[in-house]
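Heads up: the structure comes next, in structure tokens.
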Amino acid sequence: MPTTITGSATSDAILSAARDCLLESGFAALTTRKVAEGAGVPLSQIHYHFGSKSALVLQLLQAETARLLDRQGALFAREIPVSQRWAVACDYLDEDLQSGYVRVLQEMLAAGWSSEVIGGEVRAVLTGWIGVILDLVRDAESVGIRFGPLSTRDVAALVAAAFTGAEAMILLGMESDDMPLRGALRRIGSTLEAVEAGAA
């Protein structure tokens with residue numbers, strides 16, 4: 001039976017339940033009724049606080065993204081070599097896979113293919129991540145790392161695609177000795193370290 005929860009505690013409980021349902025069943029199978037049961041609130045509270053299933057999951061994604069962008073921004077503001085920042089970014093990927101953030105992002109990315117509203121919101125989220133990557137590439141260039149004919153935006157686009165694609169393939173269970181996705185990403189950091197040593 002639903003319990004009485006008031007104020008922001010209601011929103012928090014609903015978001016937490018939505019996250020659990022999303023990780024368990026995926027976006028397509030998620031229902032507001034299931035979320036309400038998980039949160040211990042009446043179904044009407046979901047519509048009151050969020051309006052719809054899509055709006056609920058998008059708010060969950062936006063809140064998580066804002067927190068993680070702050071985390072990433074704090075990392076990139078530190079005076080450490082680009083290769084070390086890359087290594088920590090790979091650590092963060094492991095954390096975000098474990099926490100379920102990557103699953104939420106990929107679920108909404110797929111939903112955005114058939115919904116312009118969802119697609120627009122997910123593009124905004126991905127644009128935030130690309131901005132972080134652009135800062136990293138600019139920092140790499142500032143210490144003498146060169147990418148041949150590739151522009152700063154070319155490199156940022158390819159890095160974003162590499163991480164997003166790797167995330168999707170990992171969630172599909174494709175990571176293996178023959179497809180060492182996270183290991184390959186980490187070895188890019190080793191390459192950057194070697195280039196830094198040469199540029200020093």
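Naming scheme: A, B, ... for chains in displayed order of the structure tokens; residues 1 onward per chain; ligands 1 onward as shown.
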Per-residue nearest contacts of range 83-135 of chain A to range 159-178 of chain A (7 Å; only C-alpha atoms) as CSV:
residue,atom,partner,partner_atom,distance
A:Val102,CA,A:Glu167,CA,6.9
A:Gln106,CA,A:Ala168,CA,6.8
A:Ile130,CA,A:Ala160,CA,6.3
- DSSP-assigned alpha helix (DSSP H) among range 29-64 of chain A, expressed as JSON, numbers by chain: {"A": [32, 33, 34, 35, 36, 37, 38, 39, 43, 44, 45, 46, 47, 48, 49, 53, 54, 55, 56, 57, 58, 59, 60, 61, 62, 63, 64]}
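Every protein, DNA or RNA residue with an atom at most 10 Å from Asp135 in chain A, where only C-alpha atoms count and chain neighbours fewer than 6 positions away do not, is listed here: Gly73, Phe76, Ala77, Glu141, Thr152 and Ala156 of chain A.
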- Item | Within 9 Å of Gly119 in chain A using only C-alpha atoms, minus same-chain residues under 6 positions, as a list in words | Met108, Leu109, Ala110, Ala111, Gly112 and Trp113 of chain A
- One-decimal distance in Å that lies between CA of Ser83 in chain A and CA of Ser151 in chain A: 19.2 Å
- Neighbour list for Ser16 in chain A as a ChimeraX atom specification, cut-off 9 Å, only C-alpha atoms, skip fewer than 6 positions in-chain: /A:35,38-39,60
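When only C-alpha atoms are used to measure the gap to Asp94 in chain A, the shortest distance among A:Gly120, A:Gly183, A:Gly131, A:Pro149 belongs to A:Gly183.
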- Measuring atom to atom with only C-alpha atoms, identify which of A:Ala140, A:Val41, A:Arg182, A:Thr191 is nearest to Tyr92 in chain A. A:Arg182
- Fewer than 2 positions away in the same chain doesn't count, so skip those; otherwise give me all residues within 12 Å of Ala89 in chain A, counting only C-alpha atoms, as a ChimeraX atom specification. /A:68-69,71-76,82-87,91-96,129,132-133,136,159,163,182,185-186,188-189
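Distances from A:Ala9, A:Val143, A:Leu150, A:Leu30 to Pro81 in chain A were compared using only C-alpha atoms, and the smallest one belongs to A:Val143.
Going from CA of Arg33 in chain A to CA of Ala66 in chain A covers 27.0 Å.
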- From A:Glu24, A:Glu64, A:Glu196, A:Glu79, residue lying nearest Arg146 in chain A [only C-alpha atoms]: A:Glu196
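Ranking A:Glu37, A:Ile46, A:Arg187, A:Ala55 by their shortest atom-to-atom distance to Ser115 in chain A, with only C-alpha atoms included, puts A:Ala55 first.
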